[in-house]
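A.B. asks: You'll find my_file-v3.txt just under this line, and it carries compact mmCIF, C-alpha atoms and all ligand atoms.
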# COMPACT_ATOMS: atom_id res chain seq x y z
CA MET B 27 -27.29 -22.46 -3.97
CA ARG B 28 -30.56 -23.11 -2.19
CA TYR B 29 -31.83 -24.81 -5.32
CA VAL B 30 -28.75 -27.01 -5.46
CA LEU B 31 -29.05 -27.82 -1.77
CA GLY B 32 -32.76 -28.49 -2.17
CA LEU B 33 -32.06 -30.81 -5.07
CA LEU B 34 -29.37 -32.60 -3.08
CA LEU B 35 -31.75 -33.01 -0.14
CA MET B 36 -34.48 -34.32 -2.41
CA THR B 37 -32.08 -36.84 -3.90
CA LEU B 38 -30.97 -37.99 -0.46
CA LEU B 39 -34.54 -38.28 0.82
CA ALA B 40 -35.66 -40.15 -2.27
CA ALA B 41 -32.81 -42.66 -2.09
CA PRO B 42 -34.01 -46.01 -0.76
CA ALA B 43 -32.05 -47.47 2.14
CA TYR B 44 -30.58 -50.33 0.13
CA PRO B 45 -30.49 -49.31 -3.52
CA TRP B 46 -28.91 -52.55 -4.73
CA TRP B 47 -31.74 -54.65 -3.43
CA GLU B 48 -33.89 -52.88 -6.03
CA THR B 49 -32.46 -55.33 -8.53
CA GLY B 50 -33.65 -58.22 -6.37
CA HIS B 51 -37.18 -56.84 -5.99
CA GLN B 52 -37.47 -55.98 -9.68
CA THR B 53 -36.23 -59.44 -10.65
CA VAL B 54 -38.76 -61.17 -8.39
CA ALA B 55 -41.56 -59.02 -9.88
CA GLN B 56 -40.49 -59.59 -13.49
CA LEU B 57 -40.16 -63.32 -12.88
CA ALA B 58 -43.60 -63.53 -11.25
CA ALA B 59 -45.14 -61.63 -14.18
CA LEU B 60 -43.98 -64.43 -16.52
CA HIS B 61 -46.04 -66.95 -14.53
CA LEU B 62 -49.33 -65.10 -14.08
CA THR B 63 -52.63 -66.49 -15.29
CA PRO B 64 -54.34 -64.29 -17.93
CA ALA B 65 -57.03 -63.36 -15.36
CA ALA B 66 -54.50 -62.24 -12.75
CA ARG B 67 -52.54 -60.32 -15.36
CA THR B 68 -55.65 -58.46 -16.50
CA ARG B 69 -56.54 -57.41 -12.96
CA ILE B 70 -52.96 -56.32 -12.21
CA ALA B 71 -52.92 -54.26 -15.43
CA ARG B 72 -56.10 -52.52 -14.27
CA ILE B 73 -54.76 -51.89 -10.73
CA LEU B 74 -51.45 -50.52 -12.08
CA SER B 75 -53.14 -48.61 -14.94
CA VAL B 76 -50.86 -50.16 -17.57
CA PRO B 77 -51.73 -51.96 -20.83
CA ASP B 78 -52.68 -55.63 -20.43
CA THR B 79 -49.60 -57.06 -22.11
CA PRO B 80 -46.96 -59.34 -20.52
CA GLU B 81 -44.24 -56.73 -21.08
CA ALA B 82 -46.19 -53.77 -19.64
CA VAL B 83 -47.38 -55.77 -16.61
CA GLY B 84 -43.83 -57.05 -15.96
CA ASP B 85 -42.41 -53.52 -16.09
CA GLY B 86 -45.32 -52.15 -14.05
CA LEU B 87 -44.89 -54.76 -11.32
CA ALA B 88 -41.11 -54.17 -11.29
CA SER B 89 -41.52 -50.45 -10.72
CA ALA B 90 -44.24 -51.09 -8.10
CA SER B 91 -41.92 -53.53 -6.29
CA THR B 92 -39.78 -50.92 -4.55
CA TRP B 93 -42.52 -48.47 -3.47
CA ALA B 94 -42.82 -50.06 -0.01
CA ASP B 95 -39.15 -49.30 0.72
CA GLU B 96 -39.30 -45.80 -0.73
CA THR B 97 -42.24 -44.88 1.53
CA LYS B 98 -41.52 -46.83 4.71
CA PHE B 99 -40.20 -43.87 6.71
CA GLN B 100 -43.15 -41.63 5.84
CA THR B 101 -45.66 -44.40 6.56
CA GLY B 102 -43.89 -45.75 9.65
CA THR B 103 -44.11 -49.31 8.32
CA GLY B 104 -40.45 -50.33 8.59
CA ASN B 105 -41.29 -53.35 10.79
CA TRP B 106 -43.43 -54.86 8.05
CA HIS B 107 -40.36 -55.72 5.97
CA PHE B 108 -38.93 -58.51 8.11
CA ILE B 109 -39.50 -60.81 11.06
CA ASP B 110 -36.87 -61.02 13.78
CA LEU B 111 -36.52 -64.71 14.68
CA ALA B 112 -33.66 -65.54 17.02
CA LEU B 113 -31.30 -68.30 15.93
CA GLN B 114 -32.60 -70.44 18.84
CA ASP B 115 -36.27 -69.99 17.85
CA THR B 116 -38.45 -72.81 16.53
CA ARG B 117 -41.11 -72.50 13.88
CA SER B 118 -43.80 -72.29 16.56
CA ASP B 119 -42.23 -69.02 17.80
CA ILE B 120 -43.31 -67.18 14.62
CA PRO B 121 -46.60 -65.80 16.08
CA ALA B 122 -44.86 -64.62 19.28
CA ARG B 123 -42.26 -62.73 17.22
CA CYS B 124 -44.98 -60.96 15.28
CA LYS B 125 -46.99 -58.98 17.83
CA ASN B 126 -49.92 -56.99 16.36
CA ASP B 127 -49.22 -58.39 12.89
CA ASP B 128 -46.20 -56.07 12.81
CA CYS B 129 -44.03 -58.26 10.58
CA ALA B 130 -43.62 -59.34 6.96
CA PRO B 131 -45.47 -62.70 6.88
CA ALA B 132 -48.53 -61.27 8.65
CA ARG B 133 -48.67 -58.30 6.27
CA ILE B 134 -48.39 -60.61 3.23
CA ARG B 135 -51.34 -62.63 4.57
CA LEU B 136 -53.42 -59.53 5.31
CA PHE B 137 -52.74 -57.71 2.03
CA ALA B 138 -53.25 -60.86 -0.07
CA GLY B 139 -56.55 -61.26 1.78
CA GLU B 140 -57.55 -57.70 0.86
CA LEU B 141 -56.81 -58.38 -2.81
CA ARG B 142 -58.77 -61.64 -2.66
CA SER B 143 -61.83 -60.12 -1.00
CA HIS B 144 -61.86 -56.95 -3.14
CA LEU B 145 -62.24 -55.15 0.19
CA PRO B 146 -59.33 -52.79 0.70
CA GLY B 147 -58.80 -51.70 4.32
CA SER B 148 -59.50 -48.12 5.30
CA ARG B 149 -55.90 -46.93 5.10
CA TRP B 150 -54.54 -48.78 2.08
CA SER B 151 -55.86 -48.90 -1.47
CA GLU B 152 -55.93 -51.96 -3.73
CA LEU B 153 -52.82 -50.55 -5.44
CA ASP B 154 -51.03 -50.26 -2.09
CA ALA B 155 -52.03 -53.85 -1.17
CA LEU B 156 -50.56 -55.12 -4.44
CA ARG B 157 -47.37 -53.11 -3.96
CA TYR B 158 -46.91 -54.47 -0.43
CA VAL B 159 -47.47 -58.09 -1.47
CA VAL B 160 -44.97 -57.81 -4.35
CA HIS B 161 -42.36 -56.17 -2.15
CA LEU B 162 -42.73 -58.22 1.03
CA VAL B 163 -42.61 -61.60 -0.73
CA GLY B 164 -39.26 -60.41 -2.11
CA ASP B 165 -38.10 -59.25 1.33
CA ILE B 166 -38.73 -62.54 3.15
CA HIS B 167 -36.57 -64.34 0.58
CA GLN B 168 -33.57 -62.33 1.75
CA PRO B 169 -32.59 -64.65 4.65
CA LEU B 170 -31.51 -61.81 6.94
CA HIS B 171 -35.12 -60.57 6.91
CA ASP B 172 -36.04 -63.82 8.70
CA ALA B 173 -33.29 -64.11 11.32
CA SER B 174 -31.47 -62.02 13.89
CA ASP B 175 -28.54 -62.87 16.15
CA ALA B 176 -29.16 -59.84 18.43
CA ASP B 177 -27.77 -57.89 15.45
CA LEU B 178 -30.84 -56.44 13.65
CA GLY B 179 -30.62 -59.07 10.94
CA GLY B 180 -26.93 -58.46 10.31
CA ASN B 181 -27.21 -54.65 10.27
CA CYS B 182 -24.94 -54.32 13.33
CA GLN B 183 -22.06 -56.28 11.82
CA GLN B 184 -19.72 -54.04 9.92
CA LEU B 185 -17.75 -56.02 7.35
CA ASN B 186 -14.01 -56.18 7.87
CA THR B 187 -13.66 -54.64 4.41
CA ALA B 188 -16.58 -53.19 2.44
CA PHE B 189 -17.76 -55.47 -0.36
CA GLY B 190 -18.57 -53.10 -3.21
CA ARG B 191 -20.94 -50.61 -1.58
CA ALA B 192 -22.01 -53.04 1.14
CA LYS B 193 -20.51 -52.06 4.48
CA ASN B 194 -22.47 -54.39 6.74
CA LEU B 195 -23.64 -57.98 6.61
CA HIS B 196 -27.27 -57.09 5.94
CA SER B 197 -26.49 -54.95 2.91
CA LEU B 198 -24.15 -57.62 1.56
CA TRP B 199 -27.23 -59.86 1.37
CA ASP B 200 -29.65 -57.09 0.39
CA GLY B 201 -27.74 -56.27 -2.74
CA GLY B 202 -24.00 -56.88 -2.54
CA ILE B 203 -24.14 -60.46 -3.79
CA ILE B 204 -26.76 -59.65 -6.43
CA GLY B 205 -24.60 -56.71 -7.54
CA ALA B 206 -21.73 -59.16 -8.08
CA MET B 207 -24.04 -61.38 -10.16
CA ASP B 208 -25.91 -59.01 -12.45
CA VAL B 209 -27.12 -55.49 -11.73
CA ASN B 210 -29.70 -55.65 -14.53
CA ALA B 211 -33.04 -57.05 -13.39
CA LYS B 212 -34.19 -57.93 -16.92
CA SER B 213 -31.14 -59.99 -17.87
CA LEU B 214 -31.11 -61.64 -14.44
CA THR B 215 -34.81 -62.52 -14.88
CA ALA B 216 -34.11 -63.99 -18.33
CA SER B 217 -31.28 -66.10 -16.93
CA LEU B 218 -33.43 -67.43 -14.03
CA GLU B 219 -36.38 -68.06 -16.36
CA LYS B 220 -34.16 -70.20 -18.58
CA ASP B 221 -33.53 -72.52 -15.62
CA ILE B 222 -37.23 -72.52 -14.69
CA ALA B 223 -38.20 -73.43 -18.26
CA ALA B 224 -35.96 -76.51 -18.02
CA MET B 225 -37.79 -77.73 -14.88
CA SER B 226 -40.76 -80.09 -14.88
CA GLU B 227 -44.17 -78.64 -14.03
CA ALA B 228 -44.16 -80.78 -10.86
CA ASP B 229 -40.86 -79.19 -9.75
CA ARG B 230 -42.20 -75.69 -10.41
CA GLN B 231 -45.30 -76.45 -8.35
CA ALA B 232 -43.22 -77.90 -5.52
CA ILE B 233 -41.13 -74.71 -5.35
CA ALA B 234 -44.22 -72.49 -5.36
CA ALA B 235 -45.97 -74.49 -2.62
CA GLY B 236 -46.41 -73.49 1.01
CA ASP B 237 -47.37 -70.25 2.70
CA GLN B 238 -45.53 -67.17 3.93
CA ASP B 239 -44.63 -68.81 7.28
CA ASP B 240 -43.07 -71.80 5.45
CA TRP B 241 -41.05 -69.42 3.29
CA VAL B 242 -39.89 -67.40 6.32
CA TRP B 243 -38.86 -70.57 8.11
CA GLN B 244 -36.87 -71.76 5.10
CA GLY B 245 -35.10 -68.36 4.99
CA HIS B 246 -34.38 -68.60 8.72
CA GLN B 247 -32.73 -72.03 8.28
CA LEU B 248 -30.74 -70.69 5.38
CA ALA B 249 -29.50 -67.72 7.44
CA ILE B 250 -28.33 -70.05 10.21
CA GLU B 251 -26.44 -72.37 7.85
CA ASP B 252 -25.13 -70.16 5.08
CA ILE B 253 -24.68 -66.83 6.87
CA TYR B 254 -24.23 -67.10 10.65
CA GLY B 255 -22.70 -70.58 10.40
CA LYS B 256 -20.38 -70.18 7.43
CA LEU B 257 -19.14 -66.77 8.64
CA HIS B 258 -18.54 -68.15 12.19
CA ILE B 259 -20.58 -65.42 13.85
CA PRO B 260 -20.91 -66.11 17.59
CA THR B 261 -24.48 -67.05 18.61
CA GLN B 262 -25.91 -64.58 21.12
CA PRO B 263 -28.55 -65.07 23.82
CA VAL B 264 -32.08 -64.34 22.59
CA MET B 265 -32.52 -60.56 22.55
CA PHE B 266 -33.79 -57.98 20.10
CA PRO B 267 -32.00 -54.67 20.54
CA LYS B 268 -33.77 -51.54 19.24
CA GLY B 269 -30.58 -50.22 17.70
CA CYS B 270 -26.97 -51.30 17.16
CA PRO B 271 -25.62 -49.33 20.17
CA GLU B 272 -27.63 -51.77 22.35
CA ALA B 273 -26.33 -54.87 20.52
CA PRO B 274 -23.86 -57.14 22.38
CA MET B 275 -20.17 -56.27 22.08
CA ALA B 276 -19.50 -59.75 20.68
CA ILE B 277 -21.59 -58.67 17.68
CA THR B 278 -20.55 -55.06 17.21
CA THR B 279 -16.86 -55.95 17.40
CA PHE B 280 -17.15 -59.01 15.15
CA GLN B 281 -16.28 -57.99 11.64
CA PRO B 282 -16.93 -60.80 9.13
CA VAL B 283 -14.28 -61.19 6.45
CA ILE B 284 -16.02 -61.60 3.10
CA GLU B 285 -13.88 -63.42 0.59
CA GLY B 286 -14.61 -63.89 -3.09
CA ALA B 287 -14.99 -67.64 -2.48
CA TYR B 288 -17.84 -66.99 -0.01
CA VAL B 289 -19.65 -64.67 -2.42
CA ASP B 290 -19.19 -67.15 -5.28
CA ALA B 291 -20.57 -69.97 -3.12
CA MET B 292 -23.60 -67.83 -2.20
CA LYS B 293 -24.53 -66.78 -5.73
CA PRO B 294 -26.46 -70.03 -6.41
CA VAL B 295 -28.21 -69.60 -3.06
CA VAL B 296 -29.32 -66.09 -4.04
CA ARG B 297 -30.43 -67.33 -7.47
CA GLU B 298 -32.51 -70.03 -5.81
CA GLN B 299 -34.10 -67.54 -3.40
CA LEU B 300 -34.99 -65.20 -6.28
CA THR B 301 -36.47 -68.12 -8.24
CA ARG B 302 -38.50 -69.27 -5.25
CA ALA B 303 -39.73 -65.73 -4.60
CA GLY B 304 -40.79 -65.21 -8.22
CA LEU B 305 -42.72 -68.49 -8.51
CA ARG B 306 -44.31 -68.10 -5.07
CA LEU B 307 -45.35 -64.51 -5.74
CA ALA B 308 -46.95 -65.60 -9.02
CA ARG B 309 -48.90 -68.35 -7.25
CA LEU B 310 -50.04 -65.98 -4.50
CA LEU B 311 -51.18 -63.37 -7.03
CA ASN B 312 -52.88 -66.00 -9.22
CA GLU B 313 -54.81 -67.25 -6.20
CA SER B 314 -55.61 -63.77 -4.87
CA LEU B 315 -56.64 -61.93 -8.01
ZN ZN B 401 -38.25 -53.90 2.22
As a first step, turn the structure in this file into structure tokens.
Ligand SMILES: [Zn+2]
C.D. replies:
Amino acid sequence: MRYVLGLLLMTLLAAPAYPWWETGHQTVAQLAALHLTPAARTRIARILSVPDTPEAVGDGLASASTWADETKFQTGTGNWHFIDLALQDTRSDIPARCKNDDCAPARIRLFAGELRSHLPGSRWSELDALRYVVHLVGDIHQPLHDASDADLGGNCQQLNTAFGRAKNLHSLWDGGIIGAMDVNAKSLTASLEKDIAAMSEADRQAIAAGDQDDWVWQGHQLAIEDIYGKLHIPTQPVMFPKGCPEAPMAITTFQPVIEGAYVDAMKPVVREQLTRAGLRLARLLNESL
């Protein structure tokens, strides 16, 4: 009995908070691996201790892509996975919303810098730096990691009816929509790569351009239009509650109704965000390694 209980506890503790989003992270990693320079691929293979082949590096990066979520409670780094920007914020508010570099874009900049300088910080190894960069670039392309309507990025809005396993707005975007598209990261990667292959080199470069703050700001705009706007969620005064019990009643009692038509309309948006994340991650790794 104790063994069974122990096993159950281990399973519960090991389960990441949003298991479906694993598909998103793995897809971003696999897609990025297809666009690495040979030099970057060789260094990643060495850091991950895998053979220097496209397949092994793709699989290695995909399994490294979820480590930051799996360890965030032990390491106390939960704030590194998002940036809370109020719907009323402007782009120039980004630094003020990221005190002590305690947010995703700052951590991407710092860890990419560690990889570039070959000087890992005292706490994190080169492997950790790589795992954070791969994960956090994926995270900021989930629009609800870049915006908050006094609702912890949609975590405080219970859906009127659960969509698959997603019970709140945040998890709908973490994995619910992807789950309705394709739960297999490899086939999803292949489908996205087919579209990328049909693009011109100039288009690919335009998508990959910019820095982490540009990408966060694009996600923030997307959250306002396609999530808070289309679902008619009432805009709240600027505030950042620590937990949902402190969130405004207008938010905790608002239960978005998610219809199939909304999810279908958002699938191309999610595909575009995954494509952007994959190409941008590849560029960042190519420039940093
Ligand atoms: Zn995360």
A.B. asks: Would you pick out the contacts of B:Leu185 at 6 Å or less, using all atoms listed in the file, so that residues sharing its chain but fewer than 5 positions from it are not included, and give the list as a list of chain:residue names?
C.D. replies: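 My reading of the contact set: B:Lys193, B:Asn194, B:Gln281, B:Pro282.
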A.B. asks: Between B:Pro64, B:Pro77, B:Gly255, B:Gly164, which is the closest to ligand ZN 401 (chain B) once you count only C-alpha atoms and all ligand atoms?
C.D. replies: B:Gly164
A.B. asks: Pick out the residues sitting within 10 Å of B:Arg135, and hand them over as a PDB file with C-alpha atoms, keeping the file's coordinate frame; count all atoms listed in the file, and ignore anything fewer than 6 positions along from it in its own chain.
C.D. replies:
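Contents of around-v6.pdb, freshly written:
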ATOM      1  CA  ASP B 127     -49.220 -58.390  12.890  1.00  0.00           C
ATOM      2  CA  VAL B 159     -47.470 -58.090  -1.470  1.00  0.00           C
ATOM      3  CA  ASP B 237     -47.370 -70.250   2.700  1.00  0.00           C
ATOM      4  CA  GLN B 238     -45.530 -67.170   3.930  1.00  0.00           C
ATOM      5  CA  ASP B 239     -44.630 -68.810   7.280  1.00  0.00           C
ATOM      6  CA  LEU B 310     -50.040 -65.980  -4.500  1.00  0.00           C
TER       7      LEU B 310
END
A.B. asks: Once you count all atoms listed in the file, which residues end up within 10 Å of ligand ZN 401 (chain B), and could you hand them over as a PDB file with C-alpha atoms, in the coordinates of the input?
C.D. replies:
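Listing of selection.pdb after writing:
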ATOM      1  CA  PRO B  42     -34.010 -46.010  -0.760  1.00  0.00           C
ATOM      2  CA  ALA B  43     -32.050 -47.470   2.140  1.00  0.00           C
ATOM      3  CA  TYR B  44     -30.580 -50.330   0.130  1.00  0.00           C
ATOM      4  CA  TRP B  47     -31.740 -54.650  -3.430  1.00  0.00           C
ATOM      5  CA  GLU B  48     -33.890 -52.880  -6.030  1.00  0.00           C
ATOM      6  CA  HIS B  51     -37.180 -56.840  -5.990  1.00  0.00           C
ATOM      7  CA  SER B  91     -41.920 -53.530  -6.290  1.00  0.00           C
ATOM      8  CA  THR B  92     -39.780 -50.920  -4.550  1.00  0.00           C
ATOM      9  CA  TRP B  93     -42.520 -48.470  -3.470  1.00  0.00           C
ATOM     10  CA  ALA B  94     -42.820 -50.060  -0.010  1.00  0.00           C
ATOM     11  CA  ASP B  95     -39.150 -49.300   0.720  1.00  0.00           C
ATOM     12  CA  GLU B  96     -39.300 -45.800  -0.730  1.00  0.00           C
ATOM     13  CA  THR B  97     -42.240 -44.880   1.530  1.00  0.00           C
ATOM     14  CA  LYS B  98     -41.520 -46.830   4.710  1.00  0.00           C
ATOM     15  CA  THR B 103     -44.110 -49.310   8.320  1.00  0.00           C
ATOM     16  CA  GLY B 104     -40.450 -50.330   8.590  1.00  0.00           C
ATOM     17  CA  ASN B 105     -41.290 -53.350  10.790  1.00  0.00           C
ATOM     18  CA  TRP B 106     -43.430 -54.860   8.050  1.00  0.00           C
ATOM     19  CA  HIS B 107     -40.360 -55.720   5.970  1.00  0.00           C
ATOM     20  CA  PHE B 108     -38.930 -58.510   8.110  1.00  0.00           C
ATOM     21  CA  ALA B 130     -43.620 -59.340   6.960  1.00  0.00           C
ATOM     22  CA  TYR B 158     -46.910 -54.470  -0.430  1.00  0.00           C
ATOM     23  CA  HIS B 161     -42.360 -56.170  -2.150  1.00  0.00           C
ATOM     24  CA  LEU B 162     -42.730 -58.220   1.030  1.00  0.00           C
ATOM     25  CA  VAL B 163     -42.610 -61.600  -0.730  1.00  0.00           C
ATOM     26  CA  GLY B 164     -39.260 -60.410  -2.110  1.00  0.00           C
ATOM     27  CA  ASP B 165     -38.100 -59.250   1.330  1.00  0.00           C
ATOM     28  CA  ILE B 166     -38.730 -62.540   3.150  1.00  0.00           C
ATOM     29  CA  GLN B 168     -33.570 -62.330   1.750  1.00  0.00           C
ATOM     30  CA  HIS B 171     -35.120 -60.570   6.910  1.00  0.00           C
ATOM     31  CA  ASP B 200     -29.650 -57.090   0.390  1.00  0.00           C
TER      32      ASP B 200
END
A.B. asks: Please provide as a PyMOL selection string all residues within 10 Å of B:Ala232, with the sequence filter that same-chain residues fewer than 5 positions apart are discarded (counting all atoms listed in the file).
C.D. replies: chain B and resi 226-227+302+305-306
A.B. asks: Which one is closest to B:Gly236: B:Arg309, B:Lys220, B:His144, B:Arg297? Count only C-alpha atoms.
C.D. replies: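 Checking each candidate against B:Gly236, we get B:Arg309 as the closest.
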A.B. asks: Up to 10 Å from (-25.1, -57.2, 4.5) in the file's coordinates: name the residues, counting only C-alpha atoms, as a ChimeraX atom specification.
C.D. replies: /B:44,170,179-185,188-189,191-203,253
A.B. asks: Rounded to one decimal in Å, what is the spacing between atom CA of B:Ile284 and atom CA of B:Gly304?
C.D. replies: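 Separation between atom CA of B:Ile284 and atom CA of B:Gly304: 27.5 Å.
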A.B. asks: Could you tell me how far atom CA of B:Asp252 lies from atom CA of B:Leu57, in Å and to one decimal?
C.D. replies: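 Atom CA of B:Asp252 sits 24.4 Å away from atom CA of B:Leu57.
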A.B. asks: Find, counting all atoms listed in the file, the residue in B:Ala249, B:His167, B:Leu257, B:Leu311 that gets nearest to B:Phe137.
C.D. replies: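 The closest residue to B:Phe137 is B:Leu311.
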A.B. asks: Would you pick out the contacts of B:Val76 at 8 Å or less, using all atoms listed in the file, so that residues sharing its chain but fewer than 6 positions from it are not included, and give the list as a ChimeraX atom specification?
C.D. replies: /B:82-83,86
A.B. asks: Pick from B:Pro271, B:Leu136, B:Arg149, B:Ala58: nearest to B:Glu81, with all atoms listed in the file counted?
C.D. replies: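 The shortest atom-to-atom distance to B:Glu81 comes from B:Ala58.
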A.B. asks: Between atom CA of B:Ala303 and atom CA of B:Val54, what is the distance in Å, rounded to a tenth?
C.D. replies: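 Rounded to one decimal, the two atoms are 6.0 Å apart.
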A.B. asks: Edge lengths and centre in Å to one decimal, as JSON, of the axis-aligned box that encloses all listed atoms of stretch 154-168 of chain B with 6 Å added on every side?
C.D. replies:
{"center_x": -42.8, "center_y": -57.3, "center_z": -0.6, "size_x": 30.5, "size_y": 26.1, "size_z": 19.6}
A.B. asks: Please provide as a PyMOL selection string all residues within 8 Å of B:Ile277, with the sequence filter that same-chain residues fewer than 2 positions apart are discarded (counting only C-alpha atoms).
C.D. replies: chain B and resi 176-177+182-183+259-260+273-275+279-280
A.B. asks: Could you tell me which of B:Leu145, B:Met265, B:Ala55, B:Ala88 comes closest to B:Ser314 if we count all atoms listed in the file?
C.D. replies: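 Going through B:Leu145, B:Met265, B:Ala55, B:Ala88 one by one, the smallest distance to B:Ser314 is for B:Leu145.
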A.B. asks: May I ask which of the residues B:Ala223, B:Ala211, B:Ala112, B:Leu74 is the closest one to B:Leu153, counting all atoms listed in the file?
C.D. replies: B:Leu74
A.B. asks: Determine, counting all atoms listed in the file, every residue of protein, DNA or RNA that lies within 7 Å of (-39.4, -59.7, 12.7) in the file coordinates, then give the result as a list in words.
C.D. replies: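 Output of the proximity query reads Asn105, Phe108, Ile109, Asp110, Leu111, Arg123, Cys124, Cys129 and Asp172 of chain B.
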